[in-house]
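Colleague: Please find my_file.pdb (PDB, C-alpha atoms) on the next line:
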```
ATOM      1  CA  MET C 847      -0.029 -67.000  35.756
ATOM      2  CA  ALA C 848      -2.216 -66.784  32.655
ATOM      3  CA  VAL C 849      -5.843 -65.780  33.087
ATOM      4  CA  VAL C 850      -8.228 -68.276  31.549
ATOM      5  CA  THR C 851     -11.183 -66.647  29.820
ATOM      6  CA  SER C 852     -14.342 -68.679  29.564
ATOM      7  CA  PRO C 853     -16.161 -68.929  26.220
ATOM      8  CA  LEU C 854     -19.169 -67.108  27.712
ATOM      9  CA  ALA C 855     -17.051 -64.175  28.882
ATOM     10  CA  ALA C 856     -15.316 -63.991  25.502
ATOM     11  CA  ARG C 857     -18.663 -63.973  23.704
ATOM     12  CA  ARG C 858     -19.955 -61.204  25.966
ATOM     13  CA  LYS C 859     -16.830 -59.161  25.295
ATOM     14  CA  ARG C 860     -17.237 -59.561  21.542
ATOM     15  CA  THR C 861     -20.923 -58.623  21.768
ATOM     16  CA  SER C 862     -20.037 -55.547  23.812
ATOM     17  CA  LYS C 863     -17.486 -54.443  21.221
ATOM     18  CA  ILE C 864     -19.951 -54.991  18.371
ATOM     19  CA  VAL C 865     -22.685 -52.993  20.116
ATOM     20  CA  ALA C 866     -20.217 -50.205  20.927
ATOM     21  CA  ALA C 867     -19.097 -50.108  17.282
ATOM     22  CA  LEU C 868     -22.712 -49.965  16.074
ATOM     23  CA  CYS C 869     -23.485 -47.110  18.475
ATOM     24  CA  MET C 870     -20.446 -45.189  17.289
ATOM     25  CA  ALA C 871     -21.421 -45.792  13.662
ATOM     26  CA  ALA C 872     -24.978 -44.580  14.320
ATOM     27  CA  ALA C 873     -23.645 -41.463  16.072
ATOM     28  CA  GLY C 874     -21.283 -40.836  13.166
ATOM     29  CA  ILE C 875     -24.106 -41.136  10.628
ATOM     30  CA  ALA C 876     -26.282 -38.760  12.640
ATOM     31  CA  LEU C 877     -23.474 -36.207  12.887
ATOM     32  CA  ALA C 878     -22.715 -36.548   9.169
ATOM     33  CA  VAL C 879     -26.354 -35.902   8.273
ATOM     34  CA  LEU C 880     -26.493 -32.927  10.657
ATOM     35  CA  PHE C 881     -23.324 -31.359   9.292
ATOM     36  CA  SER C 882     -24.540 -31.993   5.740
ATOM     37  CA  ILE C 883     -27.760 -30.111   6.470
ATOM     38  CA  LEU C 884     -25.892 -27.266   8.155
ATOM     39  CA  PHE C 885     -23.375 -27.061   5.308
ATOM     40  CA  THR C 886     -26.172 -26.885   2.743
ATOM     41  CA  LEU C 887     -27.995 -24.192   4.714
ATOM     42  CA  VAL C 888     -24.879 -22.099   5.170
ATOM     43  CA  SER C 889     -23.658 -22.471   1.591
ATOM     44  CA  ARG C 890     -27.082 -21.631   0.099
ATOM     45  CA  GLY C 891     -28.354 -19.136   2.649
ATOM     46  CA  LEU C 892     -25.251 -17.160   3.630
ATOM     47  CA  PRO C 893     -24.865 -15.344   0.258
ATOM     48  CA  ALA C 894     -28.414 -13.983   0.648
ATOM     49  CA  LEU C 895     -27.815 -12.645   4.174
ATOM     50  CA  THR C 896     -27.460  -8.952   3.413
ATOM     51  CA  PHE C 897     -28.429  -5.839   5.336
ATOM     52  CA  ARG C 898     -31.332  -5.345   2.937
ATOM     53  CA  LEU C 899     -32.746  -8.702   4.025
ATOM     54  CA  PHE C 900     -33.506  -7.289   7.489
ATOM     55  CA  THR C 901     -34.718  -3.835   6.396
ATOM     56  CA  THR C 902     -36.873  -4.482   3.319
ATOM     57  CA  GLU C 903     -40.233  -6.208   3.173
ATOM     58  CA  THR C 904     -41.067  -8.991   0.748
ATOM     59  CA  LEU C 905     -41.345  -7.688  -2.826
ATOM     60  CA  PRO C 906     -42.189  -9.287  -6.193
ATOM     61  CA  THR C 907     -39.414 -11.113  -7.986
ATOM     62  CA  GLY C 908     -36.717  -8.935  -9.495
ATOM     63  CA  GLU C 909     -37.175  -6.049  -7.018
ATOM     64  CA  ASN C 910     -34.572  -7.135  -4.434
ATOM     65  CA  GLY C 911     -36.982  -7.661  -1.577
ATOM     66  CA  GLY C 912     -36.126  -8.800   1.920
ATOM     67  CA  LEU C 913     -37.693 -10.631   4.834
ATOM     68  CA  ALA C 914     -38.270  -7.782   7.278
ATOM     69  CA  ASN C 915     -42.053  -8.297   7.442
ATOM     70  CA  ALA C 916     -41.642 -12.055   7.864
ATOM     71  CA  ILE C 917     -39.041 -11.644  10.638
ATOM     72  CA  VAL C 918     -41.189  -9.140  12.530
ATOM     73  CA  GLY C 919     -44.279 -11.286  11.999
ATOM     74  CA  SER C 920     -42.545 -14.354  13.410
ATOM     75  CA  LEU C 921     -41.305 -12.410  16.441
ATOM     76  CA  ILE C 922     -44.788 -11.044  17.133
ATOM     77  CA  GLN C 923     -46.628 -14.351  16.777
ATOM     78  CA  VAL C 924     -44.057 -16.431  18.644
ATOM     79  CA  GLY C 925     -43.835 -13.799  21.379
ATOM     80  CA  ILE C 926     -47.608 -13.641  21.886
ATOM     81  CA  GLY C 927     -47.880 -17.427  21.697
ATOM     82  CA  MET C 928     -45.247 -17.870  24.420
ATOM     83  CA  ALA C 929     -46.858 -15.126  26.517
ATOM     84  CA  ILE C 930     -50.098 -17.120  26.407
ATOM     85  CA  ALA C 931     -48.499 -20.539  26.903
ATOM     86  CA  THR C 932     -46.018 -19.727  29.678
ATOM     87  CA  PRO C 933     -48.398 -18.925  32.571
ATOM     88  CA  ILE C 934     -50.829 -21.686  31.577
ATOM     89  CA  GLY C 935     -48.101 -24.300  31.193
ATOM     90  CA  VAL C 936     -46.194 -23.350  34.344
ATOM     91  CA  LEU C 937     -49.313 -23.223  36.533
ATOM     92  CA  ALA C 938     -50.703 -26.466  35.099
ATOM     93  CA  GLY C 939     -47.367 -28.233  35.554
ATOM     94  CA  THR C 940     -47.139 -26.908  39.106
ATOM     95  CA  TYR C 941     -50.628 -28.190  39.850
ATOM     96  CA  LEU C 942     -49.746 -31.657  38.563
ATOM     97  CA  ALA C 943     -46.490 -31.820  40.534
ATOM     98  CA  GLU C 944     -47.566 -30.207  43.801
ATOM     99  CA  TYR C 945     -51.295 -30.753  44.227
ATOM    100  CA  ALA C 946     -52.576 -33.534  41.972
ATOM    101  CA  GLN C 947     -50.113 -36.429  42.095
ATOM    102  CA  LYS C 948     -52.855 -38.975  42.780
ATOM    103  CA  SER C 949     -56.083 -37.136  41.952
ATOM    104  CA  ARG C 950     -58.373 -38.098  39.080
ATOM    105  CA  LEU C 951     -58.347 -34.568  37.664
ATOM    106  CA  GLY C 952     -54.551 -34.632  37.653
ATOM    107  CA  ALA C 953     -54.499 -37.961  35.839
ATOM    108  CA  VAL C 954     -56.913 -36.644  33.197
ATOM    109  CA  THR C 955     -54.926 -33.424  32.795
ATOM    110  CA  ARG C 956     -51.686 -35.365  32.440
ATOM    111  CA  PHE C 957     -53.259 -37.698  29.869
ATOM    112  CA  VAL C 958     -54.632 -34.829  27.761
ATOM    113  CA  SER C 959     -51.289 -33.028  27.971
ATOM    114  CA  ASP C 960     -49.437 -36.116  26.742
ATOM    115  CA  ILE C 961     -51.880 -36.448  23.827
ATOM    116  CA  LEU C 962     -51.336 -32.808  22.835
ATOM    117  CA  LEU C 963     -47.590 -33.306  23.147
ATOM    118  CA  SER C 964     -47.642 -35.994  20.457
ATOM    119  CA  ALA C 965     -50.424 -34.541  18.288
ATOM    120  CA  PRO C 966     -49.414 -33.411  14.769
ATOM    121  CA  SER C 967     -49.172 -29.640  14.557
ATOM    122  CA  ILE C 968     -51.460 -29.560  11.528
ATOM    123  CA  LEU C 969     -54.291 -30.871  13.710
ATOM    124  CA  VAL C 970     -53.707 -28.010  16.106
ATOM    125  CA  GLY C 971     -53.937 -25.629  13.160
ATOM    126  CA  LEU C 972     -57.240 -27.152  12.050
ATOM    127  CA  PHE C 973     -58.603 -26.935  15.607
ATOM    128  CA  VAL C 974     -57.737 -23.236  15.940
ATOM    129  CA  TYR C 975     -59.071 -22.637  12.424
ATOM    130  CA  GLU C 976     -62.483 -23.983  13.430
ATOM    131  CA  LEU C 977     -62.317 -22.176  16.756
ATOM    132  CA  MET C 978     -61.260 -18.718  15.588
ATOM    133  CA  VAL C 979     -60.903 -18.344  11.824
ATOM    134  CA  ALA C 980     -64.171 -20.011  10.840
ATOM    135  CA  THR C 981     -66.113 -18.073  13.463
ATOM    136  CA  THR C 982     -64.603 -14.664  12.690
ATOM    137  CA  LYS C 983     -64.474 -15.296   8.909
ATOM    138  CA  THR C 984     -60.938 -13.953   8.694
ATOM    139  CA  TYR C 985     -57.384 -15.151   9.084
ATOM    140  CA  SER C 986     -55.455 -13.285  11.762
ATOM    141  CA  ALA C 987     -52.141 -13.124  13.562
ATOM    142  CA  ILE C 988     -53.817 -13.681  16.919
ATOM    143  CA  ALA C 989     -55.196 -16.997  15.647
ATOM    144  CA  GLY C 990     -51.678 -18.006  14.638
ATOM    145  CA  SER C 991     -50.383 -17.016  18.062
ATOM    146  CA  VAL C 992     -53.058 -19.126  19.768
ATOM    147  CA  ALA C 993     -52.129 -22.110  17.584
ATOM    148  CA  LEU C 994     -48.464 -21.760  18.578
ATOM    149  CA  ALA C 995     -49.503 -21.442  22.229
ATOM    150  CA  VAL C 996     -51.477 -24.693  22.044
ATOM    151  CA  ILE C 997     -48.346 -26.442  20.746
ATOM    152  CA  ALA C 998     -46.098 -24.939  23.438
ATOM    153  CA  ILE C 999     -48.386 -25.535  26.443
ATOM    154  CA  PRO C1000     -47.945 -29.341  26.760
ATOM    155  CA  ILE C1001     -44.160 -29.005  26.437
ATOM    156  CA  ILE C1002     -44.079 -26.482  29.277
ATOM    157  CA  ILE C1003     -46.468 -28.570  31.388
ATOM    158  CA  ARG C1004     -44.395 -31.718  31.058
ATOM    159  CA  THR C1005     -41.073 -29.961  31.704
ATOM    160  CA  THR C1006     -42.415 -28.021  34.693
ATOM    161  CA  GLU C1007     -43.912 -31.135  36.262
ATOM    162  CA  ASP C1008     -40.740 -33.159  35.755
ATOM    163  CA  MET C1009     -38.465 -30.453  37.157
ATOM    164  CA  LEU C1010     -40.641 -29.858  40.227
ATOM    165  CA  SER C1011     -40.808 -33.601  40.845
ATOM    166  CA  LEU C1012     -37.002 -33.634  41.149
ATOM    167  CA  VAL C1013     -37.016 -31.122  44.014
ATOM    168  CA  PRO C1014     -36.276 -33.068  47.230
ATOM    169  CA  VAL C1015     -39.252 -33.553  49.541
ATOM    170  CA  PRO C1016     -37.214 -32.662  52.687
ATOM    171  CA  LEU C1017     -36.685 -29.200  51.195
ATOM    172  CA  ARG C1018     -40.442 -28.670  51.128
ATOM    173  CA  GLU C1019     -40.860 -30.206  54.580
ATOM    174  CA  ALA C1020     -38.227 -27.891  56.047
ATOM    175  CA  ALA C1021     -40.045 -24.831  54.721
ATOM    176  CA  ALA C1022     -43.394 -26.160  55.960
ATOM    177  CA  ALA C1023     -41.911 -26.848  59.382
ATOM    178  CA  LEU C1024     -40.982 -23.180  59.633
ATOM    179  CA  GLY C1025     -44.627 -22.280  59.136
ATOM    180  CA  ALA C1026     -44.597 -21.368  55.457
ATOM    181  CA  PRO C1027     -47.949 -21.933  53.708
ATOM    182  CA  LYS C1028     -48.174 -24.286  50.741
ATOM    183  CA  TRP C1029     -48.207 -21.549  48.106
ATOM    184  CA  LYS C1030     -45.035 -19.995  49.529
ATOM    185  CA  VAL C1031     -43.306 -23.367  49.650
ATOM    186  CA  THR C1032     -44.206 -23.842  45.990
ATOM    187  CA  THR C1033     -43.313 -20.403  44.669
ATOM    188  CA  LEU C1034     -40.334 -19.503  46.869
ATOM    189  CA  ILE C1035     -38.766 -22.925  47.402
ATOM    190  CA  ALA C1036     -39.821 -25.383  44.674
ATOM    191  CA  TRP C1037     -39.861 -22.878  41.803
ATOM    192  CA  ARG C1038     -36.495 -21.468  42.816
ATOM    193  CA  ALA C1039     -34.911 -24.906  43.100
ATOM    194  CA  ALA C1040     -36.317 -26.024  39.740
ATOM    195  CA  GLY C1041     -35.919 -22.649  38.035
ATOM    196  CA  ALA C1042     -33.140 -23.640  35.616
ATOM    197  CA  GLY C1043     -35.008 -26.728  34.409
ATOM    198  CA  MET C1044     -38.259 -24.809  34.032
ATOM    199  CA  LEU C1045     -36.482 -22.103  32.033
ATOM    200  CA  THR C1046     -34.972 -24.795  29.830
ATOM    201  CA  GLY C1047     -38.483 -26.120  29.143
ATOM    202  CA  LEU C1048     -39.620 -22.646  28.118
ATOM    203  CA  LEU C1049     -36.669 -22.289  25.751
ATOM    204  CA  LEU C1050     -37.313 -25.717  24.215
ATOM    205  CA  ALA C1051     -40.980 -24.826  23.693
ATOM    206  CA  LEU C1052     -39.864 -21.557  22.083
ATOM    207  CA  ALA C1053     -37.510 -23.437  19.766
ATOM    208  CA  ARG C1054     -40.304 -25.854  18.835
ATOM    209  CA  VAL C1055     -42.908 -23.251  17.868
ATOM    210  CA  ALA C1056     -40.435 -20.919  16.122
ATOM    211  CA  GLY C1057     -40.236 -23.229  13.104
ATOM    212  CA  GLU C1058     -43.865 -24.337  12.848
ATOM    213  CA  THR C1059     -45.509 -23.864   9.460
ATOM    214  CA  ALA C1060     -48.640 -26.036   9.275
ATOM    215  CA  PRO C1061     -50.608 -24.298  12.077
ATOM    216  CA  LEU C1062     -49.932 -20.875  10.552
ATOM    217  CA  LEU C1063     -51.216 -21.988   7.156
ATOM    218  CA  PHE C1064     -54.681 -22.393   8.678
ATOM    219  CA  THR C1065     -54.597 -19.395  11.000
ATOM    220  CA  SER C1066     -52.419 -16.388  10.100
ATOM    221  CA  LEU C1067     -52.191 -17.456   6.414
ATOM    222  CA  GLY C1068     -49.229 -15.202   5.618
ATOM    223  CA  ASN C1069     -48.967 -11.748   4.097
ATOM    224  CA  LEU C1070     -46.590 -10.471   1.428
ATOM    225  CA  ASN C1071     -47.162  -6.896   2.629
ATOM    226  CA  TRP C1072     -46.060  -5.233   5.849
ATOM    227  CA  SER C1073     -48.633  -5.833   8.584
ATOM    228  CA  THR C1074     -48.447  -5.700  12.379
ATOM    229  CA  SER C1075     -52.197  -5.822  13.009
ATOM    230  CA  LEU C1076     -53.205  -8.838  15.087
ATOM    231  CA  SER C1077     -56.624  -8.951  13.421
ATOM    232  CA  GLU C1078     -55.211  -9.351   9.902
ATOM    233  CA  PRO C1079     -53.126 -12.012   8.135
ATOM    234  CA  MET C1080     -49.452 -11.701   9.036
ATOM    235  CA  ALA C1081     -46.255 -12.930   7.456
ATOM    236  CA  SER C1082     -43.829 -15.283   9.195
ATOM    237  CA  LEU C1083     -40.513 -16.869   8.305
ATOM    238  CA  PRO C1084     -41.756 -20.489   8.112
ATOM    239  CA  LEU C1085     -44.636 -19.514   5.818
ATOM    240  CA  THR C1086     -42.371 -17.392   3.624
ATOM    241  CA  ILE C1087     -39.936 -20.288   3.285
ATOM    242  CA  TYR C1088     -42.826 -22.589   2.365
ATOM    243  CA  GLN C1089     -44.098 -20.158  -0.278
ATOM    244  CA  PHE C1090     -40.737 -19.245  -1.820
ATOM    245  CA  ALA C1091     -38.942 -22.609  -1.726
ATOM    246  CA  ALA C1092     -40.927 -23.982  -4.678
ATOM    247  CA  SER C1093     -40.811 -20.719  -6.632
ATOM    248  CA  PRO C1094     -39.426 -20.803 -10.194
ATOM    249  CA  TYR C1095     -37.621 -17.501  -9.538
ATOM    250  CA  GLY C1096     -34.077 -17.696  -8.271
ATOM    251  CA  ASP C1097     -34.180 -14.579  -6.060
ATOM    252  CA  LEU C1098     -37.201 -15.875  -4.161
ATOM    253  CA  VAL C1099     -35.531 -19.259  -3.669
ATOM    254  CA  GLU C1100     -32.479 -17.441  -2.253
ATOM    255  CA  LEU C1101     -34.756 -15.658   0.209
ATOM    256  CA  ALA C1102     -36.194 -19.021   1.233
ATOM    257  CA  TRP C1103     -32.693 -20.370   1.940
ATOM    258  CA  ALA C1104     -31.820 -17.227   3.883
ATOM    259  CA  GLY C1105     -34.983 -17.574   5.968
ATOM    260  CA  ALA C1106     -34.214 -21.245   6.647
ATOM    261  CA  LEU C1107     -30.717 -20.304   7.798
ATOM    262  CA  LEU C1108     -32.107 -17.611  10.120
ATOM    263  CA  ILE C1109     -34.529 -20.050  11.749
ATOM    264  CA  THR C1110     -31.831 -22.703  12.117
ATOM    265  CA  VAL C1111     -29.393 -20.281  13.718
ATOM    266  CA  GLY C1112     -32.125 -18.983  16.019
ATOM    267  CA  VAL C1113     -33.196 -22.446  17.156
ATOM    268  CA  LEU C1114     -29.559 -23.500  17.593
ATOM    269  CA  ALA C1115     -28.892 -20.409  19.706
ATOM    270  CA  ILE C1116     -31.926 -21.132  21.892
ATOM    271  CA  ASN C1117     -30.768 -24.708  22.486
ATOM    272  CA  ILE C1118     -27.234 -23.554  23.329
ATOM    273  CA  ILE C1119     -28.629 -21.028  25.804
ATOM    274  CA  ALA C1120     -30.762 -23.763  27.383
ATOM    275  CA  GLN C1121     -27.711 -25.997  27.800
ATOM    276  CA  LEU C1122     -25.692 -23.143  29.274
ATOM    277  CA  VAL C1123     -28.448 -22.357  31.769
ATOM    278  CA  VAL C1124     -28.617 -25.974  32.917
ATOM    279  CA  GLY C1125     -24.830 -26.301  33.079
ATOM    280  CA  ARG C1126     -24.443 -23.096  35.084
ATOM    281  CA  LYS C1127     -27.101 -24.215  37.540
ATOM    282  CA  ARG C1128     -25.381 -27.555  38.030
TER
END
```
In structure tokens, write the structure found in this file.
Modeller:
Amino acid sequence: MAVVTSPLAARRKRTSKIVAALCMAAAGIALAVLFSILFTLVSRGLPALTFRLFTTETLPTGENGGLANAIVGSLIQVGIGMAIATPIGVLAGTYLAEYAQKSRLGAVTRFVSDILLSAPSILVGLFVYELMVATTKTYSAIAGSVALAVIAIPIIIRTTEDMLSLVPVPLREAAAALGAPKWKVTTLIAWRAAGAGMLTGLLLALARVAGETAPLLFTSLGNLNWSTSLSEPMASLPLTIYQFAASPYGDLVELAWAGALLITVGVLAINIIAQLVVGRKR
């Protein structure tokens, strides 16, 4: 017996196929653009990835310089920025999820955090410039680290709050019924249950600040010489890429492509690690 299909059902089926085709086309375009970017980075940056790149500081054109000072500078500033942002973001996110679901202070904190989450990074750089650089009359690596921390904090807050909100309430109630105080329920039960998601938020914040350029332009400024002093201007990979990409000298442009490839590989590795952590936890 033949099945009679109504015109409405046929139209819905056609619409579903069209929407599915459009989604697949959009995904294909996105993947094509991504692979095009990666191919360009690899083809332009891979020839410049030599051992000297990691052992020699930035030198004038024609002297076969490397990116050692920029790599070390990025590691120092990103590391200090995450060291500042992690405890603040985790504790603030915990407060919002565990203690301030319906309080006015929690609502204000959540609102300010959401604003910072969507604020352009250049505004953060200007804020830290007025706060630290203009008052001390000098650019410094610590100012750049603070700017990166301000960018990372709202990401960590939002991720921590969301992950803790997914922890089942009966799990907390069971611990409380056994006589555990609130702080132990939070740190030993909720944090442990949401640990993988919270770690993923930290890694995503790390990936976000690792490639920031605008805030560092107003704070750490950059330095073509080797410097590890937190009170002086310090080089970083994003700033070096920004300075060398528009250079008329071919060797400096090659260094810019190499630096861009290093940042891309680093951010990609961080995202892969985050996905592996979440997948292993599940």
Colleague: Between atom CA of Phe1064 of chain C and atom CA of Leu972 of chain C, what distance in Å does the model show, to one decimal?
Modeller: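 The value is 6.4 Å.
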Colleague: Could you check the closest approach to Ile988 of chain C for each of C:Leu1010, C:Val958, C:Leu1034, C:Leu1062 and tell me which residue wins, using all atoms listed in the file?
Modeller: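 Checking each candidate against Ile988 of chain C, we get C:Leu1062 as the closest.
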Colleague: Which residue is closest to Ser986 of chain C? Choose from C:Met1080, C:Leu877, C:Ala1104, C:Ala1120 and count all atoms listed in the file.
Modeller: C:Met1080
Colleague: Please provide as a count of residues only all residues within 12 Å of Val888 of chain C, with the sequence filter that same-chain residues fewer than 5 positions apart are discarded (counting only C-alpha atoms).
Modeller: 16
Colleague: Measuring atom to atom with only C-alpha atoms, identify which of C:Leu905, C:Val1015, C:Ala1053, C:Leu887 is nearest to Asn1117 of chain C.
Modeller: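 With only C-alpha atoms as the atom set, the closest residue is C:Ala1053.
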Colleague: Do a neighbour search on Lys1030 of chain C at 12 Å with all atoms listed in the file, toss out local chain neighbours closer than 6 positions, and write the hits as a PyMOL selection string.
Modeller: chain C and resi 944+1018+1021-1022+1024+1036-1038
Colleague: Report, as lines of an AutoDock Vina configuration file, the axis-aligned box around all atoms of segment 893-900 of chain C present in the file, extended by 4 Å on each side; give centre and edge lengths in Å to one decimal place.
Modeller:
```
center_x = -29.2
center_y = -10.3
center_z = 3.9
size_x = 16.6
size_y = 18.0
size_z = 15.2
```
Colleague: Determine, counting only C-alpha atoms, which protein, DNA and RNA residues have an atom within 9 Å of an atom of Leu969 of chain C; residues of the same chain fewer than 5 positions away are not included. Present the result as a PyMOL selection string.
Modeller: chain C and resi 974+1060-1061
Colleague: Could those residues be written to a file, using C-alpha atoms, as a tab-separated table (two decimals), in the frame of the given file?
Modeller:
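Ended up saving to part31.tsv:
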```tsv
chain	number	residue	atom	x	y	z
C	974	VAL	CA	-57.74	-23.24	15.94
C	1060	ALA	CA	-48.64	-26.04	9.28
C	1061	PRO	CA	-50.61	-24.30	12.08
```
Colleague: How would segment 1076-1096 of chain C look written as a PDB file, in the first residue's frame with N, CA and C atoms?
Modeller:
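Once written, out-v1.pdb looks like this:
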```
ATOM      1  N   LEU C1076      60.828  42.909  35.267  1.00  0.00           N
ATOM      2  CA  LEU C1076      59.402  43.214  35.239  1.00  0.00           C
ATOM      3  C   LEU C1076      59.127  44.706  35.279  1.00  0.00           C
ATOM      4  N   SER C1077      60.117  45.506  35.640  1.00  0.00           N
ATOM      5  CA  SER C1077      59.921  46.951  35.732  1.00  0.00           C
ATOM      6  C   SER C1077      60.352  47.681  34.468  1.00  0.00           C
ATOM      7  N   GLU C1078      60.724  46.949  33.436  1.00  0.00           N
ATOM      8  CA  GLU C1078      61.172  47.534  32.178  1.00  0.00           C
ATOM      9  C   GLU C1078      60.316  47.004  31.028  1.00  0.00           C
ATOM     10  N   PRO C1079      60.350  47.701  29.882  1.00  0.00           N
ATOM     11  CA  PRO C1079      59.646  47.165  28.701  1.00  0.00           C
ATOM     12  C   PRO C1079      60.171  45.771  28.348  1.00  0.00           C
ATOM     13  N   MET C1080      59.272  44.922  27.865  1.00  0.00           N
ATOM     14  CA  MET C1080      59.653  43.540  27.576  1.00  0.00           C
ATOM     15  C   MET C1080      59.059  43.114  26.238  1.00  0.00           C
ATOM     16  N   ALA C1081      59.824  42.342  25.514  1.00  0.00           N
ATOM     17  CA  ALA C1081      59.364  41.839  24.221  1.00  0.00           C
ATOM     18  C   ALA C1081      58.315  40.758  24.405  1.00  0.00           C
ATOM     19  N   SER C1082      57.546  40.508  23.356  1.00  0.00           N
ATOM     20  CA  SER C1082      56.570  39.421  23.332  1.00  0.00           C
ATOM     21  C   SER C1082      56.330  39.042  21.880  1.00  0.00           C
ATOM     22  N   LEU C1083      55.884  37.831  21.660  1.00  0.00           N
ATOM     23  CA  LEU C1083      55.661  37.359  20.296  1.00  0.00           C
ATOM     24  C   LEU C1083      54.614  38.175  19.547  1.00  0.00           C
ATOM     25  N   PRO C1084      53.446  38.469  20.126  1.00  0.00           N
ATOM     26  CA  PRO C1084      52.461  39.257  19.375  1.00  0.00           C
ATOM     27  C   PRO C1084      52.989  40.633  18.974  1.00  0.00           C
ATOM     28  N   LEU C1085      53.709  41.297  19.875  1.00  0.00           N
ATOM     29  CA  LEU C1085      54.251  42.615  19.540  1.00  0.00           C
ATOM     30  C   LEU C1085      55.324  42.514  18.463  1.00  0.00           C
ATOM     31  N   THR C1086      56.158  41.490  18.544  1.00  0.00           N
ATOM     32  CA  THR C1086      57.203  41.312  17.533  1.00  0.00           C
ATOM     33  C   THR C1086      56.595  41.048  16.165  1.00  0.00           C
ATOM     34  N   ILE C1087      55.541  40.244  16.123  1.00  0.00           N
ATOM     35  CA  ILE C1087      54.846  40.002  14.857  1.00  0.00           C
ATOM     36  C   ILE C1087      54.283  41.307  14.316  1.00  0.00           C
ATOM     37  N   TYR C1088      53.669  42.097  15.191  1.00  0.00           N
ATOM     38  CA  TYR C1088      53.092  43.381  14.773  1.00  0.00           C
ATOM     39  C   TYR C1088      54.161  44.311  14.214  1.00  0.00           C
ATOM     40  N   GLN C1089      55.334  44.330  14.834  1.00  0.00           N
ATOM     41  CA  GLN C1089      56.397  45.239  14.405  1.00  0.00           C
ATOM     42  C   GLN C1089      57.082  44.775  13.122  1.00  0.00           C
ATOM     43  N   PHE C1090      57.241  43.452  12.960  1.00  0.00           N
ATOM     44  CA  PHE C1090      58.015  42.939  11.837  1.00  0.00           C
ATOM     45  C   PHE C1090      57.167  42.648  10.600  1.00  0.00           C
ATOM     46  N   ALA C1091      55.857  42.462  10.777  1.00  0.00           N
ATOM     47  CA  ALA C1091      55.023  42.060   9.641  1.00  0.00           C
ATOM     48  C   ALA C1091      55.016  43.104   8.537  1.00  0.00           C
ATOM     49  N   ALA C1092      55.061  44.379   8.904  1.00  0.00           N
ATOM     50  CA  ALA C1092      55.035  45.461   7.914  1.00  0.00           C
ATOM     51  C   ALA C1092      56.433  45.956   7.545  1.00  0.00           C
ATOM     52  N   SER C1093      57.459  45.210   7.952  1.00  0.00           N
ATOM     53  CA  SER C1093      58.827  45.634   7.665  1.00  0.00           C
ATOM     54  C   SER C1093      59.157  45.466   6.180  1.00  0.00           C
ATOM     55  N   PRO C1094      59.975  46.358   5.618  1.00  0.00           N
ATOM     56  CA  PRO C1094      60.381  46.196   4.217  1.00  0.00           C
ATOM     57  C   PRO C1094      61.490  45.166   4.036  1.00  0.00           C
ATOM     58  N   TYR C1095      61.997  44.607   5.138  1.00  0.00           N
ATOM     59  CA  TYR C1095      63.109  43.662   5.067  1.00  0.00           C
ATOM     60  C   TYR C1095      62.579  42.233   5.135  1.00  0.00           C
ATOM     61  N   GLY C1096      63.019  41.420   4.203  1.00  0.00           N
ATOM     62  CA  GLY C1096      62.496  40.075   4.086  1.00  0.00           C
ATOM     63  C   GLY C1096      62.781  39.194   5.289  1.00  0.00           C
TER      64      GLY C1096
END
```
